[in-house]
Each structure stands twice: as structure tokens, then as C-alpha cells.
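protein.pdb follows (PDB, C-alpha atoms):
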ATOM      1  CA  MET K 563     -13.419   1.953  74.592
ATOM      2  CA  LEU K 564     -15.263  -1.062  75.969
ATOM      3  CA  THR K 565     -15.669   0.004  79.585
ATOM      4  CA  ASP K 566     -17.949  -1.517  82.212
ATOM      5  CA  SER K 567     -19.492   0.142  85.259
ATOM      6  CA  PHE K 568     -16.622  -1.070  87.465
ATOM      7  CA  GLY K 569     -13.990   0.696  85.400
ATOM      8  CA  ARG K 570     -12.603  -2.369  83.663
ATOM      9  CA  VAL K 571     -11.664  -1.917  80.026
ATOM     10  CA  ALA K 572     -11.935  -4.838  77.605
ATOM     11  CA  THR K 573      -8.955  -4.967  75.260
ATOM     12  CA  ASP K 574      -8.766  -8.737  74.671
ATOM     13  CA  LEU K 575     -11.285 -10.223  72.221
ATOM     14  CA  ARG K 576     -11.855 -13.986  72.128
ATOM     15  CA  VAL K 577     -13.386 -15.018  68.796
ATOM     16  CA  SER K 578     -14.969 -18.477  68.596
ATOM     17  CA  LEU K 579     -14.905 -19.778  65.026
ATOM     18  CA  THR K 580     -16.836 -23.014  65.534
ATOM     19  CA  ASP K 581     -18.475 -25.038  68.270
ATOM     20  CA  ARG K 582     -17.230 -28.281  66.720
ATOM     21  CA  CYS K 583     -14.239 -30.171  68.062
ATOM     22  CA  SER K 584     -12.124 -33.160  67.051
ATOM     23  CA  LEU K 585     -11.996 -34.404  70.656
ATOM     24  CA  ARG K 586     -14.651 -35.239  73.250
ATOM     25  CA  CYS K 587     -12.906 -34.218  76.474
ATOM     26  CA  SER K 588     -14.923 -35.389  79.472
ATOM     27  CA  TYR K 589     -14.765 -31.993  81.202
ATOM     28  CA  CYS K 590     -16.202 -30.268  78.125
ATOM     29  CA  MET K 591     -18.765 -32.430  76.331
ATOM     30  CA  PRO K 592     -20.450 -35.847  76.354
ATOM     31  CA  ALA K 593     -18.943 -38.810  74.518
ATOM     32  CA  ASP K 594     -21.400 -38.612  71.614
ATOM     33  CA  GLY K 595     -20.834 -34.883  71.082
ATOM     34  CA  LEU K 596     -23.442 -32.145  70.882
ATOM     35  CA  ASP K 597     -25.999 -30.739  68.481
ATOM     36  CA  TRP K 598     -23.723 -28.429  66.496
ATOM     37  CA  LEU K 599     -24.758 -24.989  65.355
ATOM     38  CA  PRO K 600     -26.325 -25.125  61.878
ATOM     39  CA  GLY K 601     -24.231 -23.669  59.067
ATOM     40  CA  PRO K 602     -26.429 -20.617  58.359
ATOM     41  CA  ALA K 603     -26.195 -19.580  62.025
ATOM     42  CA  LEU K 604     -22.407 -19.286  61.869
ATOM     43  CA  LEU K 605     -20.765 -16.013  60.972
ATOM     44  CA  THR K 606     -19.098 -16.095  57.576
ATOM     45  CA  ASP K 607     -15.410 -15.284  57.222
ATOM     46  CA  GLY K 608     -16.352 -11.846  55.949
ATOM     47  CA  GLU K 609     -18.670 -11.211  58.907
ATOM     48  CA  VAL K 610     -16.017 -12.329  61.389
ATOM     49  CA  THR K 611     -13.470 -10.043  59.766
ATOM     50  CA  ARG K 612     -15.828  -7.076  59.818
ATOM     51  CA  LEU K 613     -16.670  -7.488  63.502
ATOM     52  CA  ILE K 614     -12.995  -7.834  64.413
ATOM     53  CA  SER K 615     -12.332  -4.656  62.431
ATOM     54  CA  VAL K 616     -15.028  -2.796  64.360
ATOM     55  CA  ALA K 617     -13.546  -4.052  67.647
ATOM     56  CA  VAL K 618      -9.991  -3.049  66.764
ATOM     57  CA  ARG K 619     -10.563   0.228  64.935
ATOM     58  CA  ARG K 620     -13.432   1.632  67.001
ATOM     59  CA  LEU K 621     -13.419  -0.089  70.388
ATOM     60  CA  GLY K 622      -9.793  -0.314  71.467
ATOM     61  CA  ILE K 623      -9.244  -4.075  71.168
ATOM     62  CA  THR K 624      -5.489  -4.793  71.106
ATOM     63  CA  GLU K 625      -5.468  -8.610  71.196
ATOM     64  CA  VAL K 626      -7.545 -11.066  69.168
ATOM     65  CA  ARG K 627      -7.518 -14.724  70.163
ATOM     66  CA  PHE K 628      -9.178 -17.300  67.904
ATOM     67  CA  THR K 629     -10.876 -20.134  69.781
ATOM     68  CA  GLY K 630     -13.511 -22.802  69.255
ATOM     69  CA  GLY K 631     -14.599 -25.522  69.729
ATOM     70  CA  GLU K 632     -11.480 -26.296  67.782
ATOM     71  CA  PRO K 633     -10.490 -23.352  65.540
ATOM     72  CA  LEU K 634      -8.228 -25.484  63.326
ATOM     73  CA  LEU K 635     -11.430 -27.040  61.956
ATOM     74  CA  ARG K 636     -12.332 -23.679  60.385
ATOM     75  CA  ARG K 637     -11.115 -23.899  56.792
ATOM     76  CA  GLY K 638     -10.766 -20.151  56.464
ATOM     77  CA  LEU K 639      -8.569 -19.766  59.543
ATOM     78  CA  PRO K 640      -5.334 -18.687  57.769
ATOM     79  CA  GLY K 641      -7.296 -16.074  55.820
ATOM     80  CA  LEU K 642      -8.932 -14.768  58.986
ATOM     81  CA  VAL K 643      -5.514 -14.464  60.635
ATOM     82  CA  ALA K 644      -4.146 -12.623  57.592
ATOM     83  CA  ALA K 645      -7.106 -10.228  57.487
ATOM     84  CA  THR K 646      -6.688  -9.481  61.192
ATOM     85  CA  ALA K 647      -2.955  -8.928  60.779
ATOM     86  CA  ALA K 648      -3.675  -6.415  58.020
ATOM     87  CA  LEU K 649      -5.683  -4.160  60.341
ATOM     88  CA  ASP K 650      -4.320  -0.793  61.391
ATOM     89  CA  PRO K 651      -3.645  -0.680  64.273
ATOM     90  CA  ARG K 652      -2.527  -4.303  64.139
ATOM     91  CA  PRO K 653      -3.651  -6.336  67.154
ATOM     92  CA  GLU K 654      -1.688  -9.167  68.691
ATOM     93  CA  ILE K 655      -3.077 -12.409  67.245
ATOM     94  CA  SER K 656      -3.182 -15.674  69.147
ATOM     95  CA  LEU K 657      -4.888 -19.054  68.985
ATOM     96  CA  THR K 658      -6.107 -21.664  71.469
ATOM     97  CA  THR K 659      -6.127 -25.179  70.012
ATOM     98  CA  ASN K 660      -6.055 -28.851  70.919
ATOM     99  CA  GLY K 661      -3.132 -29.216  68.517
ATOM    100  CA  ILE K 662      -4.681 -31.769  66.163
ATOM    101  CA  GLY K 663      -3.827 -30.588  62.652
ATOM    102  CA  LEU K 664      -1.255 -28.102  63.903
ATOM    103  CA  ALA K 665       1.608 -30.085  62.390
ATOM    104  CA  ARG K 666       0.178 -29.170  58.981
ATOM    105  CA  LEU K 667      -1.033 -25.660  59.764
ATOM    106  CA  ALA K 668       1.641 -24.160  62.037
ATOM    107  CA  GLY K 669       3.714 -22.875  59.122
ATOM    108  CA  PRO K 670       0.823 -21.346  57.155
ATOM    109  CA  LEU K 671      -0.600 -19.720  60.276
ATOM    110  CA  GLN K 672       2.750 -18.188  61.187
ATOM    111  CA  ALA K 673       3.103 -16.901  57.622
ATOM    112  CA  ALA K 674      -0.405 -15.418  57.813
ATOM    113  CA  GLY K 675       0.534 -13.402  60.886
ATOM    114  CA  LEU K 676      -0.229 -15.545  63.944
ATOM    115  CA  ASP K 677       1.912 -14.355  66.841
ATOM    116  CA  ARG K 678       1.510 -17.122  69.387
ATOM    117  CA  LEU K 679      -0.667 -20.002  70.487
ATOM    118  CA  ASN K 680      -1.786 -22.151  73.396
ATOM    119  CA  VAL K 681      -2.102 -25.917  73.015
ATOM    120  CA  SER K 682      -4.151 -28.067  75.376
ATOM    121  CA  LEU K 683      -2.219 -31.032  76.773
ATOM    122  CA  ASP K 684      -3.638 -32.702  79.879
ATOM    123  CA  THR K 685      -1.550 -35.874  79.976
ATOM    124  CA  LEU K 686       1.587 -37.524  78.610
ATOM    125  CA  SER K 687       0.025 -40.975  78.776
ATOM    126  CA  ARG K 688      -1.587 -42.243  75.593
ATOM    127  CA  GLU K 689      -3.975 -44.415  77.603
ATOM    128  CA  THR K 690      -5.008 -41.535  79.854
ATOM    129  CA  PHE K 691      -5.428 -39.279  76.812
ATOM    130  CA  VAL K 692      -7.970 -41.739  75.408
ATOM    131  CA  THR K 693      -9.767 -41.790  78.771
ATOM    132  CA  LEU K 694      -9.941 -37.987  78.920
ATOM    133  CA  ALA K 695     -10.463 -37.066  75.275
ATOM    134  CA  ARG K 696     -12.129 -40.267  74.044
ATOM    135  CA  ARG K 697      -9.866 -40.188  71.001
ATOM    136  CA  ASP K 698      -6.409 -41.730  70.444
ATOM    137  CA  ARG K 699      -4.714 -38.546  69.249
ATOM    138  CA  LEU K 700      -1.867 -37.820  71.690
ATOM    139  CA  PRO K 701       0.841 -38.309  68.999
ATOM    140  CA  ASP K 702      -0.896 -35.691  66.839
ATOM    141  CA  VAL K 703      -0.929 -33.177  69.707
ATOM    142  CA  LEU K 704       2.762 -33.732  70.441
ATOM    143  CA  ALA K 705       3.596 -33.371  66.738
ATOM    144  CA  GLY K 706       1.610 -30.137  66.639
ATOM    145  CA  LEU K 707       3.548 -28.712  69.580
ATOM    146  CA  ALA K 708       6.850 -29.529  67.899
ATOM    147  CA  ALA K 709       5.665 -28.000  64.611
ATOM    148  CA  ALA K 710       4.602 -24.794  66.350
ATOM    149  CA  ALA K 711       8.030 -24.419  67.931
ATOM    150  CA  ALA K 712       9.744 -25.149  64.611
ATOM    151  CA  ALA K 713       7.575 -22.537  62.880
ATOM    152  CA  GLY K 714       8.697 -19.879  65.346
ATOM    153  CA  LEU K 715       5.400 -19.550  67.205
ATOM    154  CA  THR K 716       7.322 -19.158  70.432
ATOM    155  CA  PRO K 717       7.067 -19.265  73.306
ATOM    156  CA  VAL K 718       4.728 -22.211  72.806
ATOM    157  CA  LYS K 719       2.242 -22.241  75.671
ATOM    158  CA  VAL K 720       0.640 -25.392  77.025
ATOM    159  CA  ASN K 721      -2.665 -25.503  78.940
ATOM    160  CA  ALA K 722      -3.378 -28.440  81.265
ATOM    161  CA  VAL K 723      -6.503 -29.333  83.233
ATOM    162  CA  LEU K 724      -6.130 -31.911  86.004
ATOM    163  CA  LEU K 725      -8.978 -34.197  87.020
ATOM    164  CA  ARG K 726      -9.008 -35.980  90.328
ATOM    165  CA  GLY K 727      -8.147 -39.656  90.112
ATOM    166  CA  ILE K 728      -7.359 -39.487  86.392
ATOM    167  CA  ASN K 729      -4.339 -37.289  85.686
ATOM    168  CA  ASP K 730      -3.847 -35.292  88.884
ATOM    169  CA  HIS K 731      -0.572 -37.150  89.583
ATOM    170  CA  GLU K 732       0.959 -35.907  86.318
ATOM    171  CA  ALA K 733       1.618 -32.278  87.243
ATOM    172  CA  PRO K 734       5.395 -32.714  87.836
ATOM    173  CA  ALA K 735       5.826 -34.812  84.679
ATOM    174  CA  LEU K 736       3.982 -32.257  82.561
ATOM    175  CA  LEU K 737       6.159 -29.459  83.921
ATOM    176  CA  ARG K 738       9.353 -31.432  83.294
ATOM    177  CA  PHE K 739       8.202 -32.192  79.737
ATOM    178  CA  CYS K 740       7.599 -28.500  79.044
ATOM    179  CA  LEU K 741      10.821 -27.320  80.675
ATOM    180  CA  ASP K 742      12.843 -29.761  78.569
ATOM    181  CA  ARG K 743      11.332 -28.364  75.361
ATOM    182  CA  GLY K 744      11.097 -24.693  76.210
ATOM    183  CA  TYR K 745       7.301 -24.685  76.371
ATOM    184  CA  GLN K 746       5.477 -22.538  78.927
ATOM    185  CA  LEU K 747       3.018 -24.537  81.022
ATOM    186  CA  ARG K 748      -0.157 -23.253  82.676
ATOM    187  CA  PHE K 749      -2.451 -25.370  84.827
ATOM    188  CA  ILE K 750      -6.124 -24.387  84.796
ATOM    189  CA  GLU K 751      -8.643 -25.282  87.473
ATOM    190  CA  GLN K 752     -11.561 -27.202  86.005
ATOM    191  CA  MET K 753     -14.507 -24.826  85.612
ATOM    192  CA  PRO K 754     -18.266 -25.509  85.518
ATOM    193  CA  LEU K 755     -18.570 -25.214  81.757
ATOM    194  CA  ASP K 756     -19.219 -28.816  80.719
ATOM    195  CA  ALA K 757     -22.200 -29.483  78.471
ATOM    196  CA  GLN K 758     -23.517 -32.234  80.718
ATOM    197  CA  HIS K 759     -23.428 -29.986  83.837
ATOM    198  CA  GLY K 760     -21.590 -32.688  85.773
ATOM    199  CA  TRP K 761     -18.996 -30.417  87.398
ATOM    200  CA  ARG K 762     -18.570 -30.980  91.131
ATOM    201  CA  ARG K 763     -16.409 -28.805  93.340
ATOM    202  CA  ALA K 764     -15.155 -31.857  95.223
ATOM    203  CA  ASP K 765     -13.751 -33.315  92.001
ATOM    204  CA  MET K 766     -11.852 -30.160  91.085
ATOM    205  CA  VAL K 767      -8.079 -30.165  91.620
ATOM    206  CA  THR K 768      -7.432 -26.782  93.200
ATOM    207  CA  ALA K 769      -4.611 -24.340  92.597
ATOM    208  CA  ASP K 770      -3.260 -25.087  96.081
ATOM    209  CA  GLU K 771      -3.180 -28.811  95.325
ATOM    210  CA  ILE K 772      -1.438 -28.229  91.999
ATOM    211  CA  LEU K 773       1.236 -26.089  93.633
ATOM    212  CA  ALA K 774       1.734 -28.627  96.414
ATOM    213  CA  SER K 775       2.236 -31.411  93.869
ATOM    214  CA  LEU K 776       4.749 -29.342  91.894
ATOM    215  CA  SER K 777       6.585 -28.190  95.009
ATOM    216  CA  ALA K 778       7.280 -31.802  95.964
ATOM    217  CA  GLU K 779       9.701 -31.994  93.023
ATOM    218  CA  PHE K 780      10.528 -28.380  92.086
ATOM    219  CA  THR K 781      11.519 -25.242  93.945
ATOM    220  CA  LEU K 782       8.863 -22.638  93.163
ATOM    221  CA  THR K 783       8.890 -18.960  94.087
ATOM    222  CA  ALA K 784       6.146 -16.487  93.296
ATOM    223  CA  ASP K 785       7.018 -14.171  90.433
ATOM    224  CA  ASP K 786       6.672 -10.404  90.757
ATOM    225  CA  PRO K 787       2.877  -9.845  90.989
ATOM    226  CA  GLY K 788       3.359  -6.474  89.313
ATOM    227  CA  LEU K 789       4.189  -8.305  86.085
ATOM    228  CA  ARG K 790       0.841 -10.121  86.032
ATOM    229  CA  GLY K 791      -1.369  -7.236  84.959
ATOM    230  CA  SER K 792      -4.672  -8.633  83.690
ATOM    231  CA  ALA K 793      -3.192 -12.056  82.869
ATOM    232  CA  PRO K 794      -5.245 -14.890  84.371
ATOM    233  CA  ALA K 795      -2.248 -16.955  85.477
ATOM    234  CA  GLU K 796      -0.270 -16.538  88.665
ATOM    235  CA  ARG K 797       3.346 -17.172  87.680
ATOM    236  CA  PHE K 798       5.923 -19.064  89.695
ATOM    237  CA  LEU K 799       9.628 -19.182  88.921
ATOM    238  CA  VAL K 800      11.079 -22.687  88.718
ATOM    239  CA  ALA K 801      14.413 -23.071  90.533
ATOM    240  CA  GLY K 802      14.803 -19.304  90.629
ATOM    241  CA  GLY K 803      13.994 -18.766  86.940
ATOM    242  CA  PRO K 804      14.008 -17.795  84.192
ATOM    243  CA  ALA K 805      11.698 -20.762  83.495
ATOM    244  CA  HIS K 806       8.281 -20.448  85.057
ATOM    245  CA  VAL K 807       4.930 -22.186  85.435
ATOM    246  CA  GLY K 808       1.494 -20.605  85.633
ATOM    247  CA  VAL K 809      -1.585 -21.564  87.630
ATOM    248  CA  ILE K 810      -5.023 -20.218  86.710
ATOM    249  CA  GLY K 811      -7.230 -20.545  89.774
ATOM    250  CA  SER K 812     -10.446 -19.417  88.146
ATOM    251  CA  VAL K 813     -12.581 -20.922  90.924
ATOM    252  CA  THR K 814     -10.522 -20.675  94.106
ATOM    253  CA  ARG K 815      -8.473 -17.589  93.181
ATOM    254  CA  PRO K 816     -10.759 -15.548  90.907
ATOM    255  CA  PHE K 817      -9.253 -12.611  89.031
ATOM    256  CA  CYS K 818     -12.475 -10.974  87.853
ATOM    257  CA  GLY K 819     -11.436  -7.560  89.176
ATOM    258  CA  SER K 820      -8.773  -7.238  86.479
ATOM    259  CA  CYS K 821     -10.597  -9.013  83.660
ATOM    260  CA  ASP K 822     -10.063  -7.390  80.252
ATOM    261  CA  ARG K 823     -11.793  -9.977  78.041
ATOM    262  CA  VAL K 824     -14.902 -10.001  75.900
ATOM    263  CA  ARG K 825     -16.134 -12.863  73.727
ATOM    264  CA  LEU K 826     -17.718 -13.200  70.289
ATOM    265  CA  THR K 827     -19.383 -16.570  69.705
ATOM    266  CA  ALA K 828     -19.324 -18.400  66.399
ATOM    267  CA  ASP K 829     -22.961 -17.399  65.816
ATOM    268  CA  GLY K 830     -22.353 -13.710  66.411
ATOM    269  CA  GLN K 831     -23.289 -13.188  70.061
ATOM    270  CA  ILE K 832     -21.332 -10.957  72.446
ATOM    271  CA  ARG K 833     -20.653 -12.413  75.895
ATOM    272  CA  ASN K 834     -19.039 -10.155  78.478
ATOM    273  CA  CYS K 835     -18.073 -13.110  80.716
ATOM    274  CA  LEU K 836     -17.537 -16.848  80.292
ATOM    275  CA  PHE K 837     -20.307 -17.343  82.839
ATOM    276  CA  ALA K 838     -22.724 -14.724  81.550
ATOM    277  CA  THR K 839     -26.371 -15.766  81.399
ATOM    278  CA  ALA K 840     -27.252 -13.184  78.741
ATOM    279  CA  GLU K 841     -25.845 -12.371  75.312
ATOM    280  CA  THR K 842     -26.050  -9.479  72.851
ATOM    281  CA  ASP K 843     -26.889 -10.384  69.262
ATOM    282  CA  LEU K 844     -24.655  -8.759  66.638
ATOM    283  CA  ARG K 845     -25.385 -11.203  63.825
ATOM    284  CA  THR K 846     -28.965 -10.099  63.224
ATOM    285  CA  PRO K 847     -28.242  -6.347  62.954
ATOM    286  CA  LEU K 848     -25.072  -7.082  60.981
ATOM    287  CA  ARG K 849     -27.054  -9.012  58.386
ATOM    288  CA  ALA K 850     -29.805  -6.386  58.413
ATOM    289  CA  GLY K 851     -27.375  -3.707  57.249
ATOM    290  CA  ALA K 852     -26.260  -2.079  60.519
ATOM    291  CA  SER K 853     -23.422   0.394  60.210
ATOM    292  CA  ASP K 854     -20.107   0.015  62.010
ATOM    293  CA  ASP K 855     -21.222   2.775  64.382
ATOM    294  CA  ASP K 856     -24.429   0.864  65.160
ATOM    295  CA  LEU K 857     -22.498  -2.351  65.855
ATOM    296  CA  ALA K 858     -19.975  -0.531  68.034
ATOM    297  CA  ALA K 859     -22.783   1.031  70.078
ATOM    298  CA  LEU K 860     -24.397  -2.371  70.675
ATOM    299  CA  TRP K 861     -21.019  -3.773  71.708
ATOM    300  CA  ARG K 862     -20.408  -0.955  74.196
ATOM    301  CA  ARG K 863     -23.803  -1.494  75.797
ATOM    302  CA  ALA K 864     -23.122  -5.234  76.094
ATOM    303  CA  VAL K 865     -19.892  -4.665  78.007
ATOM    304  CA  ALA K 866     -21.221  -1.797  80.127
ATOM    305  CA  VAL K 867     -23.499  -4.134  82.124
ATOM    306  CA  LYS K 868     -20.811  -6.707  82.955
ATOM    307  CA  LEU K 869     -21.182  -8.057  86.496
ATOM    308  CA  PRO K 870     -18.392  -7.643  89.074
ATOM    309  CA  GLY K 871     -17.519 -11.348  89.032
ATOM    310  CA  HIS K 872     -18.382 -14.763  87.639
ATOM    311  CA  GLY K 873     -20.306 -15.792  90.759
ATOM    312  CA  ILE K 874     -19.093 -19.414  90.865
ATOM    313  CA  ASN K 875     -18.701 -19.191  94.625
ATOM    314  CA  ASP K 876     -22.109 -17.597  95.221
ATOM    315  CA  PRO K 877     -24.866 -19.830  96.683
ATOM    316  CA  GLY K 878     -27.202 -19.003  93.803
ATOM    317  CA  PHE K 879     -24.691 -19.636  91.000
ATOM    318  CA  LEU K 880     -26.184 -21.083  87.824
ATOM    319  CA  GLN K 881     -23.973 -22.665  85.192
ATOM    320  CA  PRO K 882     -24.439 -21.001  81.779
ATOM    321  CA  ALA K 883     -26.617 -22.847  79.312
ATOM    322  CA  ARG K 884     -23.898 -22.861  76.680
ATOM    323  CA  PRO K 885     -20.924 -25.171  77.266
ATOM    324  CA  MET K 886     -17.331 -24.036  76.801
ATOM    325  CA  SER K 887     -17.201 -25.434  73.262
ATOM    326  CA  ALA K 888     -19.992 -23.070  72.199
ATOM    327  CA  ILE K 889     -18.671 -20.023  74.065
ATOM    328  CA  GLY K 890     -15.000 -19.968  73.174
ATOM    329  CA  GLY K 891     -12.221 -19.966  75.751
TER     330      GLY K 891
END
What would you get if you wrote out this structure as C-alpha cells?
Amino acid sequence: MLTDSFGRVATDLRVSLTDRCSLRCSYCMPADGLDWLPGPALLTDGEVTRLISVAVRRLGITEVRFTGGEPLLRRGLPGLVAATAALDPRPEISLTTNGIGLARLAGPLQAAGLDRLNVSLDTLSRETFVTLARRDRLPDVLAGLAAAAAAGLTPVKVNAVLLRGINDHEAPALLRFCLDRGYQLRFIEQMPLDAQHGWRRADMVTADEILASLSAEFTLTADDPGLRGSAPAERFLVAGGPAHVGVIGSVTRPFCGSCDRVRLTADGQIRNCLFATAETDLRTPLRAGASDDDLAALWRRAVAVKLPGHGINDPGFLQPARPMSAIGG
């Protein structure tokens, strides 16, 4: 098992497949992009599959989520999903995506064994989408959502980040859009993970503000907290249920005490927290001929030293050097 000194057990593995992305969202990266990881630094499909196998068969991982950057840019993605689905025991397999290209890939990914996915959608306005993402691709995202639902990747989950003065007024409209289509919406507080280190607490739309905006148009009641488990989102029933909306208050309502996640970057580094300032290299020993037992031991040591929390609210907090696109969500 992947257990830390505070008794938390990591069972959810986030696997970043690339640091590249087809969008340039302002809360993630600068308009002109970043210096991408060079090809030789990236894990091959075979290396990714082997490390996932070690995690599932030897370390107790029960869920594998593929992330990026944008994982749909990874040409081998359907094969990676199929290889993960073939493991025994079989983990739950999910995907976080911006939805661009999903209209084409939803069917093949479902056939390969993908169980569910999350699609980022921050606005319903094409003009605002261009402002936020610096690309005119909202129709592609909406088509991807529809294709995912048609392929049976349900319930389709939608992630939304609100930015003050840009799309913070859209919370009710986003919820209505998702309710009408049977999607499950989760709002996420903006976190200090942008490449340009421009995050300011005053600009962040808080969980309390999101709930106040929604409550002006919907009747919300807190769902049974016992159902939350280690899930990051607080759930609220809409008009008594069964429909619900989630709010992830990573900054103002941290849930570090129940965290069950560990991350593998696209270049083979283990991160035991999104905000970790240190990593454990698995790529080098993997390529040097390390056994599965050796890799598992390194992985256990990496998780064992996990800190009690992300520290965002501590006076001495330092934003990690890697941005979200290079860590994997």
C-alpha cells in the first residue's frame, strides 16, 4: 500500500501523458505557451503501462485517471486505456480533458475501456471562451460533451473555474446547462498553479461566493457528508435532488486530510501532492533496468514523506515550479 506518515492511503493515481495543450487558458499558462518537455524525456507508452501495472498490482491503486496537459493529444491514448483495462485487478479508468477532439475519440475510448471522464467548460459564451482560452474552440468542446454522452461515458462530468470579472456571473447558467443535459457540474476554486505565477487570492472566486451565486436561482441543500469519502467536491442537492452540483474549495475549504491521490508526471516523476516542491524520479531507474520491486519501493518512499497539507494558506507558501499543465490534474 502507498501509505504516508499521517495514515492516508493513496489509491487514486493521476497519470499525466503530456504537458502540451490545445488551449492557452489564462489561469494555466501564458498566451505564447511554454517550453514543452523534449520527446526523449517523456515516458513511452510501454513505460507508462509498466508503471501503471506496478501501481495497480503491487501498490493498491484502484483508480487511474489520465491527465495532461491535454491527454487527447497523446496518440497512444486508446491503447493506454486498453492496456490499463486489461490489468488484473482492473482499476477504474477516467480521463480529464478540455474536450477538443473528444467528438472523434469518445467512441474509441469507451470501446477501449474508459469508464468516465471530466470535461473542462468555464463559459457558455464563445467570446468569453476566446478571452479565457485564447482559442475559438467552444463549439468543439460542446460537441465533445455531446459525443461523450452518446458514447455512454456517463455521467459526464463538467469542471468549471470562475475568474473574477470574466465569467464569475455564469455560475447559474452553467448549472442550468448541465442540468438540462444530465451532466454533473463541479466548480473548482482557482489554484496557484499557473505558469506565470500571477495567481492572487483577491482575484479568486471562493466556494462561498459560488454557492451564493447559485443559491440566488436554485435551492441547494448539502448532501450527506458521509457519501463524500475522499472525493474533493462538496456536493449539494439541487431542488432536493437527485440532481446535484459540486464545489471544490481547494483553497478556502482544503480537504488534504482525506487525500488519496498520487501523481505520475509525463516525464516519469512521482509527486505526492499537486503543490509538492520535490519529486521522485522513476524514469531513470526504470530505463536503467530496475525491477518492479525496486520501482515499488521507490514509490512507497515517495508517498511516505507526504506533508499534512498543501500549505496554500501558510505565510511561507511557495508555488511549485511546475505549472498545472506539467503536473497533471
| task | Could you check which of K:Met563, K:Ile750, K:Ile662, K:Ala850 is closest to Arg863 (chain K), using only C-alpha atoms? | result |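 Using only C-alpha atoms, the shortest distance to Arg863 (chain K) belongs to K:Met563.
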| request: Between CA of Leu613 (chain K) and CA of Cys583 (chain K), measure the distance and give it in Å to one decimal. | output: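 Those two atoms sit 23.3 Å apart.
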| task | List the neighbours of Leu671 (chain K) out to 9 Å using only C-alpha atoms; skip same-chain residues closer than 4 positions along the sequence, and give me the result as a list in words. | result |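 Contacts, with the query itself left out: Leu639, Pro640, Gly641, Val643, Ala644, Leu667, Gly675, Leu676 and Asp677 of chain K.
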| said: Between CA of Val692 (chain K) and CA of Gly638 (chain K), what is the distance in Å, rounded to a tenth? | reply: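 Separating CA of Val692 (chain K) from CA of Gly638 (chain K) is a distance of 28.9 Å.
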| query | Can you list, as a list in words, every protein, DNA or RNA residue that comes within 12 Å of Glu771 (chain K) when you count only C-alpha atoms, leaving out same-chain residues fewer than 4 positions away? | reply |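 Once the nearby chain positions are removed, what remains is Leu724, Leu725, Arg726, Asp730, His731, Ala733, Phe749, Ile750, Glu751, Asp765, Met766, Val767, Ser775, Leu776, Ser777, Ala778, Val809, Gly811 and Thr814 of chain K.
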| task | Run the PyMOL selection byres ((chain K and resi 664) around 8) on the file and write out the hits as a ChimeraX atom specification. | result | /K:634,661-663,665-668,703,705-707,709-710
Residues within 6 Å of (-18.6, -21.4, 71.3), counting only C-alpha atoms, listed as an mmCIF file with C-alpha atoms, in the coordinates of the input:
data_model
loop_
_atom_site.group_PDB
_atom_site.id
_atom_site.type_symbol
_atom_site.label_atom_id
_atom_site.label_comp_id
_atom_site.auth_asym_id
_atom_site.auth_seq_id
_atom_site.Cartn_x
_atom_site.Cartn_y
_atom_site.Cartn_z
ATOM 1 C CA SER K 578 -14.969 -18.477 68.596
ATOM 2 C CA ASP K 581 -18.475 -25.038 68.270
ATOM 3 C CA GLY K 630 -13.511 -22.802 69.255
ATOM 4 C CA GLY K 631 -14.599 -25.522 69.729
ATOM 5 C CA THR K 827 -19.383 -16.570 69.705
ATOM 6 C CA ALA K 828 -19.324 -18.400 66.399
ATOM 7 C CA SER K 887 -17.201 -25.434 73.262
ATOM 8 C CA ALA K 888 -19.992 -23.070 72.199
ATOM 9 C CA ILE K 889 -18.671 -20.023 74.065
ATOM 10 C CA GLY K 890 -15.000 -19.968 73.174
#
| field | Nearest to Tyr745 (chain K), chosen from K:Arg763, K:His806, K:Thr768, K:Asp702, with only C-alpha atoms counted in the distances | value |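 Using only C-alpha atoms, Tyr745 (chain K) sits closest to K:His806.
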| said: When you count only C-alpha atoms, which of these residues is closest to Ser567 (chain K): K:Leu836, K:Leu869, K:Val610, K:Met886? | reply: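 Checking each of K:Leu836, K:Leu869, K:Val610, K:Met886 against Ser567 (chain K), counting only C-alpha atoms, the winner is K:Leu869.
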| Residue nearest Leu604 (chain K) among K:Ser584, K:Leu826, K:Gly788, K:Asp770 (counting all atoms listed in the file) |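 Ranked by minimum distance to Leu604 (chain K), first place goes to K:Leu826.
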| Looking at all atoms listed in the file, which of K:Gln746, K:Thr839, K:Gln831, K:Thr565 is the one that sits closest to Leu605 (chain K)? |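 With all atoms listed in the file as the atom set, the closest residue is K:Gln831.
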| field | Among the residues K:Thr580, K:Thr573, K:Thr606, K:Thr659, the one that comes closest to Thr624 (chain K) [using all atoms listed in the file] | value |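 For Thr624 (chain K), the nearest of the given residues is K:Thr573.
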| Separation of CA of Arg823 (chain K) from CA of Ala840 (chain K), in Å and rounded to one decimal | 15.8 Å
| Within 10 Å of Val800 (chain K) using all atoms listed in the file, minus same-chain residues under 6 positions, as number ranges by chain | K: 737, 741, 776-777, 780-785, 806-807
| request: Please evaluate the PyMOL selection byres ((chain K and resi 618) around 10) against the structure above and give the resulting residues as a list of chain:residue names. | output: K:Met563, K:Thr573, K:Asp574, K:Leu575, K:Arg612, K:Leu613, K:Ile614, K:Ser615, K:Val616, K:Ala617, K:Arg619, K:Arg620, K:Leu621, K:Gly622, K:Ile623, K:Thr624, K:Glu625, K:Val626, K:Thr646, K:Leu649, K:Asp650, K:Pro651, K:Arg652, K:Pro653
Using all atoms of region 832-846 of chain K listed in the file and a margin of 3 Å per side, can you give the axis-aligned box centre and edge lengths in Å to one decimal, as AutoDock Vina command-line options?
--center_x -23.3 --center_y -13.1 --center_z 73.0 --size_x 17.4 --size_y 14.6 --size_z 25.6
| request: Tell me, as a list in words, which residues lie within 7 Å of Ala603 (chain K), counting all atoms listed in the file; anything in the same chain fewer than 3 positions away does not count. | output: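 Listed by chain and then number, they are Leu599, Pro600 and Asp829 of chain K.
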| said: Would you pick out the contacts of Ser820 (chain K) at 12 Å or less, using all atoms listed in the file, so that residues sharing its chain but fewer than 4 positions from it are not included, and give the list as a VMD selection string? | reply: chain K and resid 566 568 to 574 790 to 795 816 870 to 871
| field | Evaluate the PyMOL selection byres ((chain K and resi 859) around 12) and report residues as a PyMOL selection string | value | chain K and resi 563-565+616-617+620-621+842+844+847+852-858+860-866
